[in-house]
$ cat upload-v6.cif   # mmCIF, C-alpha atoms
data_start
#
loop_
_atom_site.label_atom_id
_atom_site.label_comp_id
_atom_site.auth_asym_id
_atom_site.auth_seq_id
_atom_site.Cartn_x
_atom_site.Cartn_y
_atom_site.Cartn_z
CA MET B 1 0.00 0.00 0.00
CA LEU B 2 2.83 2.35 0.93
CA ALA B 3 4.72 1.43 -2.25
CA LEU B 4 1.59 2.12 -4.31
CA ALA B 5 1.08 5.46 -2.58
CA LEU B 6 4.72 6.41 -3.16
CA ALA B 7 4.54 5.42 -6.84
CA LEU B 8 1.33 7.41 -7.29
CA TRP B 9 2.83 10.40 -5.54
CA LEU B 10 5.98 10.29 -7.68
CA ALA B 11 3.93 10.01 -10.87
CA LEU B 12 1.70 12.94 -9.87
CA GLY B 13 4.66 15.05 -8.84
CA ALA B 14 6.48 14.33 -12.10
CA ALA B 15 3.34 15.09 -14.13
CA THR B 16 2.83 18.38 -12.30
CA ILE B 17 6.42 19.46 -12.80
CA GLN B 18 6.30 18.52 -16.49
CA THR B 19 3.11 20.51 -16.95
CA VAL B 20 4.60 23.51 -15.17
CA LEU B 21 7.69 23.36 -17.36
CA GLN B 22 5.62 23.26 -20.55
CA VAL B 23 3.26 26.12 -19.77
CA ARG B 24 4.66 29.54 -20.62
CA ASP B 25 2.19 32.07 -19.27
CA VAL B 26 2.01 30.95 -15.66
CA THR B 27 1.78 33.62 -13.00
CA CYS B 28 4.63 32.52 -10.82
CA PHE B 29 7.30 34.56 -9.18
CA ASP B 30 10.66 34.20 -7.55
CA ASP B 31 10.36 36.92 -4.99
CA SER B 32 10.56 35.41 -1.55
CA ARG B 33 9.57 38.77 -0.09
CA ALA B 34 5.93 38.32 -1.00
CA PRO B 35 3.27 39.61 1.41
CA VAL B 36 3.69 37.97 4.78
CA TRP B 37 0.07 36.83 4.95
CA PRO B 38 -1.18 36.10 1.42
CA ALA B 39 -4.56 37.59 0.63
CA GLU B 40 -5.90 34.65 -1.35
CA TRP B 41 -7.92 32.12 0.60
CA ARG B 42 -6.59 29.15 -1.35
CA TYR B 43 -3.21 29.32 0.39
CA TYR B 44 -4.91 28.92 3.75
CA ALA B 45 -7.17 26.17 2.40
CA MET B 46 -4.10 24.36 1.11
CA ALA B 47 -2.31 24.67 4.47
CA ILE B 48 -5.38 23.44 6.36
CA THR B 49 -5.79 20.51 3.94
CA CYS B 50 -2.15 19.51 4.45
CA TYR B 51 -2.49 19.73 8.22
CA LEU B 52 -5.65 17.60 8.18
CA ALA B 53 -3.88 15.07 5.95
CA PHE B 54 -1.00 15.00 8.44
CA VAL B 55 -3.41 14.25 11.30
CA ALA B 56 -5.22 11.68 9.14
CA GLY B 57 -1.87 9.97 8.57
CA ARG B 58 -1.56 9.62 12.33
CA LEU B 59 -5.06 8.28 12.83
CA THR B 60 -5.37 5.79 9.98
CA PRO B 61 -2.99 3.10 11.37
CA GLY B 62 -5.80 2.46 13.88
CA LEU B 63 -7.86 1.07 11.00
CA ARG B 64 -5.36 -1.66 10.28
CA PHE B 65 -6.06 -5.21 11.35
CA TYR B 66 -2.71 -5.41 13.15
CA ALA B 67 -3.41 -2.28 15.21
CA ARG B 68 -6.91 -3.44 16.09
CA GLU B 69 -5.52 -6.78 17.17
CA ILE B 70 -2.92 -5.13 19.41
CA ARG B 71 -5.54 -2.83 20.94
CA ALA B 72 -7.83 -5.73 21.74
CA LEU B 73 -4.95 -7.75 23.17
CA ARG B 74 -3.85 -4.80 25.32
CA LYS B 75 -7.18 -4.88 27.14
CA THR B 76 -6.99 -8.56 27.98
CA ASN B 77 -3.24 -9.23 28.23
CA PRO B 78 -0.93 -6.17 28.33
CA ALA B 79 2.25 -8.27 28.55
CA ALA B 80 1.37 -10.27 25.44
CA ALA B 81 0.44 -7.04 23.61
CA ALA B 82 3.83 -5.48 24.46
CA ALA B 83 5.60 -8.58 23.16
CA ARG B 84 3.51 -8.56 19.98
CA GLU B 85 4.35 -4.88 19.36
CA HIS B 86 8.02 -5.71 18.98
CA VAL B 87 9.01 -4.98 15.37
CA PRO B 88 10.74 -7.94 13.67
CA GLY B 89 14.41 -7.56 12.71
CA LYS B 90 14.17 -7.15 8.93
CA ALA B 91 11.23 -4.79 9.22
CA ALA B 92 13.14 -2.66 11.74
CA ILE B 93 16.13 -2.45 9.39
CA ALA B 94 13.90 -1.56 6.43
CA ALA B 95 12.10 1.14 8.44
CA GLN B 96 15.39 2.55 9.72
CA ALA B 97 16.92 2.56 6.22
CA GLY B 98 13.84 4.35 4.91
CA LEU B 99 14.10 6.94 7.65
CA MET B 100 17.76 7.47 6.85
CA LEU B 101 16.90 7.94 3.18
CA LEU B 102 14.13 10.40 4.06
CA PHE B 103 16.42 12.58 6.18
CA GLY B 104 19.13 12.37 3.52
CA LEU B 105 16.67 13.63 0.92
CA PHE B 106 15.52 16.42 3.29
CA THR B 107 19.15 17.47 3.73
CA LEU B 108 19.80 17.59 -0.01
CA ALA B 109 16.53 19.40 -0.73
CA LEU B 110 17.17 22.07 1.92
CA ALA B 111 20.77 22.51 0.82
CA TYR B 112 19.53 22.98 -2.75
CA GLU B 113 16.95 25.46 -1.47
CA ALA B 114 19.69 27.46 0.26
CA LEU B 115 21.84 27.39 -2.87
CA GLY B 116 18.92 28.45 -5.07
CA LEU B 117 18.03 31.31 -2.71
CA TYR B 118 21.65 32.42 -2.64
CA GLN B 119 21.91 32.43 -6.43
CA LEU B 120 18.60 34.27 -6.70
CA ASP B 121 19.27 36.89 -4.03
CA PHE B 122 22.86 37.57 -5.05
CA GLY B 123 22.38 37.16 -8.81
CA ALA B 124 25.13 34.56 -8.77
CA GLY B 125 23.65 31.90 -11.01
CA SER B 126 20.60 30.52 -12.76
CA LEU B 127 19.34 28.06 -10.17
CA HIS B 128 15.95 28.67 -8.60
CA PRO B 129 14.89 27.51 -5.15
CA ILE B 130 12.33 24.70 -4.86
CA THR B 131 9.80 27.19 -3.49
CA THR B 132 9.76 28.94 -6.87
CA TYR B 133 8.52 25.74 -8.53
CA THR B 134 6.06 25.23 -5.69
CA ARG B 135 4.60 28.70 -6.29
CA CYS B 136 4.34 27.97 -10.01
CA ALA B 137 2.55 24.69 -9.34
CA ILE B 138 0.09 26.37 -6.95
CA ALA B 139 -0.59 29.18 -9.43
CA MET B 140 -1.07 26.82 -12.35
CA ASP B 141 -2.95 23.90 -10.86
CA PRO B 142 -3.89 24.48 -7.22
CA VAL B 143 -5.99 21.33 -6.89
CA ARG B 144 -3.28 18.96 -8.09
CA ALA B 145 -0.59 20.80 -6.12
CA THR B 146 -2.74 20.57 -2.99
CA PHE B 147 -3.25 16.85 -3.59
CA VAL B 148 0.48 16.23 -3.90
CA ALA B 149 1.27 18.34 -0.80
CA ALA B 150 -1.52 16.69 1.21
CA SER B 151 -0.36 13.20 0.20
CA ILE B 152 3.17 14.03 1.37
CA SER B 153 1.73 15.35 4.65
CA TYR B 154 -0.32 12.17 5.02
CA LEU B 155 2.71 9.95 4.50
CA LEU B 156 4.77 11.96 6.98
CA GLY B 157 2.01 11.82 9.59
CA HIS B 158 1.56 8.10 8.96
CA TRP B 159 5.23 7.32 9.19
CA LEU B 160 6.78 9.73 11.67
CA TRP B 161 3.84 10.18 14.07
CA TRP B 162 2.53 6.67 14.26
CA ARG B 163 2.80 6.22 18.02
CA MET G 1 42.46 6.60 41.20
CA THR G 2 40.22 8.22 38.70
CA GLY G 3 38.40 11.44 39.39
CA PRO G 4 34.71 12.06 38.87
CA ARG G 5 33.70 11.58 35.26
CA LYS G 6 32.33 14.51 33.35
CA ARG G 7 28.58 14.56 33.08
CA ARG G 8 27.34 14.01 29.59
CA PRO G 9 23.81 14.64 28.45
CA ARG G 10 22.03 11.30 28.48
CA SER G 11 19.11 12.51 26.49
CA LEU G 12 19.18 11.90 22.77
CA LEU G 13 17.14 15.07 22.38
CA ALA G 14 19.88 17.05 24.17
CA TRP G 15 22.53 15.51 21.91
CA ALA G 16 20.48 16.34 18.83
CA LEU G 17 19.91 19.95 19.93
CA VAL G 18 23.57 20.47 20.84
CA SER G 19 24.69 18.94 17.54
CA TRP G 20 22.22 21.09 15.59
CA LEU G 21 23.36 24.20 17.47
CA CYS G 22 27.03 23.51 16.74
CA VAL G 23 26.63 22.53 13.07
CA GLY G 24 24.10 25.32 12.44
CA ALA G 25 26.33 27.94 14.07
CA ILE G 26 29.39 26.87 12.08
CA VAL G 27 27.51 26.81 8.78
CA SER G 28 25.67 30.10 9.45
CA LEU G 29 28.83 31.93 10.45
CA SER G 30 30.73 30.58 7.46
CA LEU G 31 27.96 31.58 5.04
CA ALA G 32 27.46 35.00 6.64
CA LEU G 33 31.19 35.76 6.55
CA ARG G 34 31.63 34.46 3.01
CA PHE G 35 28.51 35.78 1.29
CA GLY G 36 26.94 38.30 3.65
CA PHE G 37 23.81 38.11 5.77
CA ASP G 38 20.69 36.86 4.00
CA PRO G 39 17.97 35.58 6.34
CA TYR G 40 16.38 33.34 3.69
CA VAL G 41 19.62 31.60 2.80
CA LEU G 42 20.64 31.23 6.44
CA THR G 43 17.24 29.87 7.48
CA SER G 44 17.36 27.25 4.73
CA ALA G 45 20.94 26.36 5.66
CA VAL G 46 20.08 25.99 9.36
CA ALA G 47 17.08 23.81 8.45
CA ALA G 48 19.40 21.73 6.25
CA CYS G 49 21.72 21.35 9.25
CA LEU G 50 18.84 19.99 11.34
CA ALA G 51 18.01 17.49 8.60
CA PHE G 52 21.69 16.55 8.42
CA VAL G 53 21.89 15.96 12.18
CA LEU G 54 18.77 13.78 12.04
CA PHE G 55 20.28 11.96 9.07
CA ALA G 56 23.44 11.30 11.08
CA PHE G 57 21.37 9.92 13.98
CA ALA G 58 19.42 7.73 11.56
CA VAL G 59 22.69 6.38 10.13
CA ALA G 60 23.97 5.64 13.65
CA ASP G 61 20.68 3.95 14.50
CA LEU G 62 20.81 1.82 11.37
CA ALA G 63 24.40 0.81 12.11
CA LEU G 64 23.40 -0.20 15.65
CA VAL G 65 20.40 -2.20 14.46
CA CYS G 66 22.40 -3.94 11.72
CA THR G 67 25.11 -4.98 14.18
CA GLY G 68 22.55 -6.47 16.52
CA ARG G 69 22.78 -3.83 19.21
CA ASP G 70 20.01 -1.83 20.81
CA PRO G 71 18.96 1.21 18.79
CA LEU G 72 19.22 4.73 20.18
CA ASN G 73 16.60 5.16 22.83
CA ILE G 74 14.61 8.31 22.33
CA ASP G 75 11.89 7.28 24.75
CA ASP G 76 13.73 7.14 28.02
CA PRO G 77 15.19 10.59 28.73
CA ALA G 78 13.16 12.76 26.38
CA PRO G 79 9.56 12.96 27.57
CA ILE G 80 8.93 15.85 25.20
CA LEU G 81 9.24 13.44 22.29
CA ARG G 82 6.56 11.25 23.80
CA SER G 83 4.07 14.07 24.21
CA ARG G 84 1.05 13.69 21.97
CA TRP G 85 1.24 17.42 21.18
CA THR G 86 4.84 17.50 19.96
CA MET G 87 4.21 16.39 16.38
CA PRO G 88 1.02 18.39 15.62
CA LEU G 89 2.42 21.56 17.20
CA THR G 90 5.73 21.13 15.38
CA ALA G 91 3.90 20.64 12.09
CA ALA G 92 1.68 23.68 12.69
CA GLY G 93 4.68 25.82 13.68
CA ALA G 94 6.65 24.69 10.65
CA MET G 95 3.76 25.54 8.33
CA VAL G 96 3.32 29.01 9.85
CA LEU G 97 7.05 29.67 9.60
CA ALA G 98 7.15 28.40 6.01
CA GLY G 99 4.22 30.66 5.18
CA LEU G 100 5.92 33.66 6.80
CA TRP G 101 9.27 33.08 5.16
CA TRP G 102 8.50 31.55 1.80
CA GLY G 103 4.75 32.01 1.26
#
$ encode --input "upload-v6.cif" --output "structure tokens"
Amino acid sequence: MLALALALWLALGAATIQTVLQVRDVTCFDDSRAPVWPAEWRYYAMAITCYLAFVAGRLTPGLRFYAREIRALRKTNPAAAAAREHVPGKAAIAAQAGLMLLFGLFTLALAYEALGLYQLDFGAGSLHPITTYTRCAIAMDPVRATFVAASISYLLGHWLWWR
Amino acid sequence: MTGPRKRRPRSLLAWALVSWLCVGAIVSLSLALRFGFDPYVLTSAVAACLAFVLFAFAVADLALVCTGRDPLNIDDPAPILRSRWTMPLTAAGAMVLAGLWWG
């Protein structure tokens, strides 16, 4: 399920970026000194949607059979439930490797963002920060951009805030 | 006879914060001295430092798990990480900050 969600998310993200790159008359801008509180309601709707998706990511593991089983067992036999909660070895390694990959990607993305902002603010190159592309995507297709952002929020809430 | 050992922070959270502070300060100072002060660049760089510190902890954790040892224990000395409000408040704060800085 997670692999399917990740594949769908990657495909949607790639499609959105491709569409943004092909469209010429999009109202997008580089200026990071935009109004502090944007006047358009859709930015707030997008932020609220992402936050709700984040919370939903936390709550949905409760729907799983495994989680229901643990919850039921905890009421009757707490010791057995604690033993059952122990994550098996290979699964623990896979989860830990995924977490390492996630933080590695965050590091690269934020370093690229800093480099893009530096090149933009100091006129030192042609790179643009990731937020420029995000603004373009929101301006061009707010619904699809919101879906991609909300799905990322859902995955983060599901993965990082599961307990 | 050995003297009293220096106290070290036992909390993983304390280690993470101290590491972030050190790495962030070094990177920020280097960037500010080299390129001048730009709050947007520095904020992104400091956020990248936090991600890097978490990445380093994840690598250490993976190495411990792969070698059959206990992973880093974030539960024991860091009750703030166990609070049910930590994640939602962090997410809300991050979104407000992102809106203020990059919106």
$ residues_around --input "upload-v6.cif" --residues "segment 43-47 of chain B" --least-positions-apart "4" --cutoff "9 Å" --atoms "only C-alpha atoms" --output "list in words"
Pro38, Ala39, Tyr51, Leu52, Ile138, Pro142, Val143, Ala145, Thr146, Phe147, Ala149 and Ala150 of chain B; Met95, Val96, Gly99 and Gly103 of chain G
$ closest_residue --input "upload-v6.cif" --among "B:Ile70, B:Ala79, B:Ile48, B:Leu117" --to "chain G" --atoms "only C-alpha atoms"
B:Leu117
$ resolve_selection --input "upload-v6.cif" --expression "the PyMOL selection byres ((chain B) within 10 of (chain G))" --output "JSON, numbers by chain"
{"B": [30, 31, 32, 33, 34, 35, 36, 37, 38, 43, 44, 47, 48, 50, 51, 54, 55, 58, 89, 90, 92, 93, 94, 95, 96, 97, 98, 99, 100, 101, 102, 103, 104, 105, 106, 107, 108, 109, 110, 111, 112, 113, 114, 115, 116, 117, 118, 119, 120, 121, 122, 131, 132, 134, 135, 153, 157, 160, 161, 163]}
$ atom_distance --input "upload-v6.cif" --atom1 "atom CA of Leu72 of chain G" --atom2 "atom CA of Ala81 of chain B"
22.4 Å
$ residues_near_point --input "upload-v6.cif" --point "(2.1, 8.2, 5.5)" --cutoff "10 Å" --atoms "all atoms listed in the file" --output "list in words"
Leu2, Ala5, Leu6, Ala53, Phe54, Ala56, Gly57, Arg58, Thr60, Pro61, Ser151, Ile152, Ser153, Tyr154, Leu155, Leu156, Gly157, His158, Trp159, Leu160, Trp161 and Trp162 of chain B
$ atom_distance --input "upload-v6.cif" --atom1 "atom CA of Arg34 of chain G" --atom2 "atom CA of Val18 of chain G"
24.1 Å
$ atom_distance --input "upload-v6.cif" --atom1 "atom CA of Gly24 of chain G" --atom2 "atom CA of Gly125 of chain B"
24.4 Å
$ decode --input "upload-v6.cif" --residues "segment 51-67 of chain G" --atoms "all heavy atoms" --output "PDB file, in the first residue's frame"
ATOM      1  N   ALA G  51      18.253  18.729   9.352  1.00  0.00           N
ATOM      2  CA  ALA G  51      18.011  17.489   8.603  1.00  0.00           C
ATOM      3  C   ALA G  51      19.275  16.632   8.571  1.00  0.00           C
ATOM      4  O   ALA G  51      19.206  15.407   8.669  1.00  0.00           O
ATOM      5  CB  ALA G  51      17.551  17.828   7.183  1.00  0.00           C
ATOM      6  N   PHE G  52      20.425  17.292   8.459  1.00  0.00           N
ATOM      7  CA  PHE G  52      21.686  16.548   8.416  1.00  0.00           C
ATOM      8  C   PHE G  52      21.952  15.853   9.755  1.00  0.00           C
ATOM      9  O   PHE G  52      22.402  14.695   9.792  1.00  0.00           O
ATOM     10  CB  PHE G  52      22.833  17.498   8.078  1.00  0.00           C
ATOM     11  CG  PHE G  52      24.169  16.824   8.059  1.00  0.00           C
ATOM     12  CD1 PHE G  52      24.517  15.951   7.041  1.00  0.00           C
ATOM     13  CD2 PHE G  52      25.081  17.043   9.080  1.00  0.00           C
ATOM     14  CE1 PHE G  52      25.740  15.307   7.044  1.00  0.00           C
ATOM     15  CE2 PHE G  52      26.302  16.413   9.089  1.00  0.00           C
ATOM     16  CZ  PHE G  52      26.637  15.542   8.070  1.00  0.00           C
ATOM     17  N   VAL G  53      21.678  16.559  10.860  1.00  0.00           N
ATOM     18  CA  VAL G  53      21.891  15.956  12.180  1.00  0.00           C
ATOM     19  C   VAL G  53      20.964  14.752  12.354  1.00  0.00           C
ATOM     20  O   VAL G  53      21.385  13.675  12.824  1.00  0.00           O
ATOM     21  CB  VAL G  53      21.648  17.009  13.283  1.00  0.00           C
ATOM     22  CG1 VAL G  53      21.538  16.354  14.653  1.00  0.00           C
ATOM     23  CG2 VAL G  53      22.775  18.026  13.294  1.00  0.00           C
ATOM     24  N   LEU G  54      19.703  14.905  11.946  1.00  0.00           N
ATOM     25  CA  LEU G  54      18.767  13.779  12.042  1.00  0.00           C
ATOM     26  C   LEU G  54      19.209  12.627  11.142  1.00  0.00           C
ATOM     27  O   LEU G  54      19.075  11.449  11.503  1.00  0.00           O
ATOM     28  CB  LEU G  54      17.356  14.248  11.659  1.00  0.00           C
ATOM     29  CG  LEU G  54      16.724  15.244  12.629  1.00  0.00           C
ATOM     30  CD1 LEU G  54      15.402  15.754  12.090  1.00  0.00           C
ATOM     31  CD2 LEU G  54      16.524  14.621  14.001  1.00  0.00           C
ATOM     32  N   PHE G  55      19.742  12.982   9.980  1.00  0.00           N
ATOM     33  CA  PHE G  55      20.276  11.963   9.069  1.00  0.00           C
ATOM     34  C   PHE G  55      21.422  11.198   9.738  1.00  0.00           C
ATOM     35  O   PHE G  55      21.488   9.960   9.667  1.00  0.00           O
ATOM     36  CB  PHE G  55      20.749  12.644   7.781  1.00  0.00           C
ATOM     37  CG  PHE G  55      21.517  11.764   6.849  1.00  0.00           C
ATOM     38  CD1 PHE G  55      20.874  10.755   6.144  1.00  0.00           C
ATOM     39  CD2 PHE G  55      22.877  11.940   6.666  1.00  0.00           C
ATOM     40  CE1 PHE G  55      21.579   9.931   5.278  1.00  0.00           C
ATOM     41  CE2 PHE G  55      23.581  11.129   5.804  1.00  0.00           C
ATOM     42  CZ  PHE G  55      22.941  10.120   5.118  1.00  0.00           C
ATOM     43  N   ALA G  56      22.308  11.941  10.407  1.00  0.00           N
ATOM     44  CA  ALA G  56      23.442  11.299  11.084  1.00  0.00           C
ATOM     45  C   ALA G  56      22.952  10.360  12.188  1.00  0.00           C
ATOM     46  O   ALA G  56      23.471   9.242  12.355  1.00  0.00           O
ATOM     47  CB  ALA G  56      24.366  12.366  11.672  1.00  0.00           C
ATOM     48  N   PHE G  57      21.917  10.786  12.927  1.00  0.00           N
ATOM     49  CA  PHE G  57      21.373   9.916  13.982  1.00  0.00           C
ATOM     50  C   PHE G  57      20.725   8.682  13.364  1.00  0.00           C
ATOM     51  O   PHE G  57      20.832   7.582  13.904  1.00  0.00           O
ATOM     52  CB  PHE G  57      20.347  10.686  14.820  1.00  0.00           C
ATOM     53  CG  PHE G  57      20.977  11.474  15.932  1.00  0.00           C
ATOM     54  CD1 PHE G  57      21.323  12.790  15.754  1.00  0.00           C
ATOM     55  CD2 PHE G  57      21.219  10.882  17.155  1.00  0.00           C
ATOM     56  CE1 PHE G  57      21.922  13.516  16.774  1.00  0.00           C
ATOM     57  CE2 PHE G  57      21.812  11.592  18.180  1.00  0.00           C
ATOM     58  CZ  PHE G  57      22.168  12.922  17.986  1.00  0.00           C
ATOM     59  N   ALA G  58      20.052   8.878  12.214  1.00  0.00           N
ATOM     60  CA  ALA G  58      19.415   7.728  11.557  1.00  0.00           C
ATOM     61  C   ALA G  58      20.472   6.740  11.065  1.00  0.00           C
ATOM     62  O   ALA G  58      20.271   5.524  11.149  1.00  0.00           O
ATOM     63  CB  ALA G  58      18.554   8.214  10.390  1.00  0.00           C
ATOM     64  N   VAL G  59      21.597   7.260  10.564  1.00  0.00           N
ATOM     65  CA  VAL G  59      22.692   6.377  10.127  1.00  0.00           C
ATOM     66  C   VAL G  59      23.247   5.593  11.319  1.00  0.00           C
ATOM     67  O   VAL G  59      23.461   4.369  11.231  1.00  0.00           O
ATOM     68  CB  VAL G  59      23.809   7.205   9.457  1.00  0.00           C
ATOM     69  CG1 VAL G  59      25.037   6.347   9.202  1.00  0.00           C
ATOM     70  CG2 VAL G  59      23.321   7.807   8.148  1.00  0.00           C
ATOM     71  N   ALA G  60      23.449   6.314  12.442  1.00  0.00           N
ATOM     72  CA  ALA G  60      23.969   5.643  13.646  1.00  0.00           C
ATOM     73  C   ALA G  60      22.995   4.572  14.113  1.00  0.00           C
ATOM     74  O   ALA G  60      23.393   3.457  14.483  1.00  0.00           O
ATOM     75  CB  ALA G  60      24.195   6.674  14.749  1.00  0.00           C
ATOM     76  N   ASP G  61      21.699   4.904  14.074  1.00  0.00           N
ATOM     77  CA  ASP G  61      20.682   3.952  14.502  1.00  0.00           C
ATOM     78  C   ASP G  61      20.693   2.713  13.618  1.00  0.00           C
ATOM     79  O   ASP G  61      20.605   1.577  14.106  1.00  0.00           O
ATOM     80  CB  ASP G  61      19.310   4.627  14.427  1.00  0.00           C
ATOM     81  CG  ASP G  61      18.484   4.357  15.668  1.00  0.00           C
ATOM     82  OD1 ASP G  61      18.980   3.644  16.560  1.00  0.00           O
ATOM     83  OD2 ASP G  61      17.354   4.856  15.738  1.00  0.00           O
ATOM     84  N   LEU G  62      20.794   2.939  12.306  1.00  0.00           N
ATOM     85  CA  LEU G  62      20.810   1.818  11.366  1.00  0.00           C
ATOM     86  C   LEU G  62      22.033   0.937  11.590  1.00  0.00           C
ATOM     87  O   LEU G  62      21.929  -0.301  11.571  1.00  0.00           O
ATOM     88  CB  LEU G  62      20.798   2.344   9.925  1.00  0.00           C
ATOM     89  CG  LEU G  62      20.757   1.277   8.837  1.00  0.00           C
ATOM     90  CD1 LEU G  62      19.464   0.483   8.910  1.00  0.00           C
ATOM     91  CD2 LEU G  62      20.887   1.912   7.453  1.00  0.00           C
ATOM     92  N   ALA G  63      23.181   1.581  11.848  1.00  0.00           N
ATOM     93  CA  ALA G  63      24.404   0.805  12.106  1.00  0.00           C
ATOM     94  C   ALA G  63      24.236  -0.039  13.373  1.00  0.00           C
ATOM     95  O   ALA G  63      24.636  -1.215  13.410  1.00  0.00           O
ATOM     96  CB  ALA G  63      25.600   1.737  12.247  1.00  0.00           C
ATOM     97  N   LEU G  64      23.612   0.548  14.401  1.00  0.00           N
ATOM     98  CA  LEU G  64      23.404  -0.199  15.645  1.00  0.00           C
ATOM     99  C   LEU G  64      22.461  -1.379  15.427  1.00  0.00           C
ATOM    100  O   LEU G  64      22.715  -2.490  15.903  1.00  0.00           O
ATOM    101  CB  LEU G  64      22.830   0.735  16.715  1.00  0.00           C
ATOM    102  CG  LEU G  64      23.799   1.762  17.302  1.00  0.00           C
ATOM    103  CD1 LEU G  64      23.061   2.760  18.167  1.00  0.00           C
ATOM    104  CD2 LEU G  64      24.878   1.061  18.108  1.00  0.00           C
ATOM    105  N   VAL G  65      21.378  -1.130  14.686  1.00  0.00           N
ATOM    106  CA  VAL G  65      20.402  -2.203  14.455  1.00  0.00           C
ATOM    107  C   VAL G  65      21.020  -3.323  13.619  1.00  0.00           C
ATOM    108  O   VAL G  65      20.828  -4.509  13.911  1.00  0.00           O
ATOM    109  CB  VAL G  65      19.150  -1.615  13.747  1.00  0.00           C
ATOM    110  CG1 VAL G  65      18.227  -2.736  13.278  1.00  0.00           C
ATOM    111  CG2 VAL G  65      18.387  -0.698  14.683  1.00  0.00           C
ATOM    112  N   CYS G  66      21.794  -2.925  12.590  1.00  0.00           N
ATOM    113  CA  CYS G  66      22.404  -3.939  11.715  1.00  0.00           C
ATOM    114  C   CYS G  66      23.443  -4.782  12.439  1.00  0.00           C
ATOM    115  O   CYS G  66      23.678  -5.934  12.062  1.00  0.00           O
ATOM    116  CB  CYS G  66      23.044  -3.268  10.505  1.00  0.00           C
ATOM    117  SG  CYS G  66      21.842  -2.703   9.310  1.00  0.00           S
ATOM    118  N   THR G  67      24.100  -4.217  13.450  1.00  0.00           N
ATOM    119  CA  THR G  67      25.112  -4.982  14.175  1.00  0.00           C
ATOM    120  C   THR G  67      24.527  -5.699  15.389  1.00  0.00           C
ATOM    121  O   THR G  67      25.270  -6.188  16.236  1.00  0.00           O
ATOM    122  CB  THR G  67      26.262  -4.060  14.627  1.00  0.00           C
ATOM    123  OG1 THR G  67      25.698  -2.928  15.316  1.00  0.00           O
ATOM    124  CG2 THR G  67      27.082  -3.583  13.451  1.00  0.00           C
TER     125      THR G  67
END
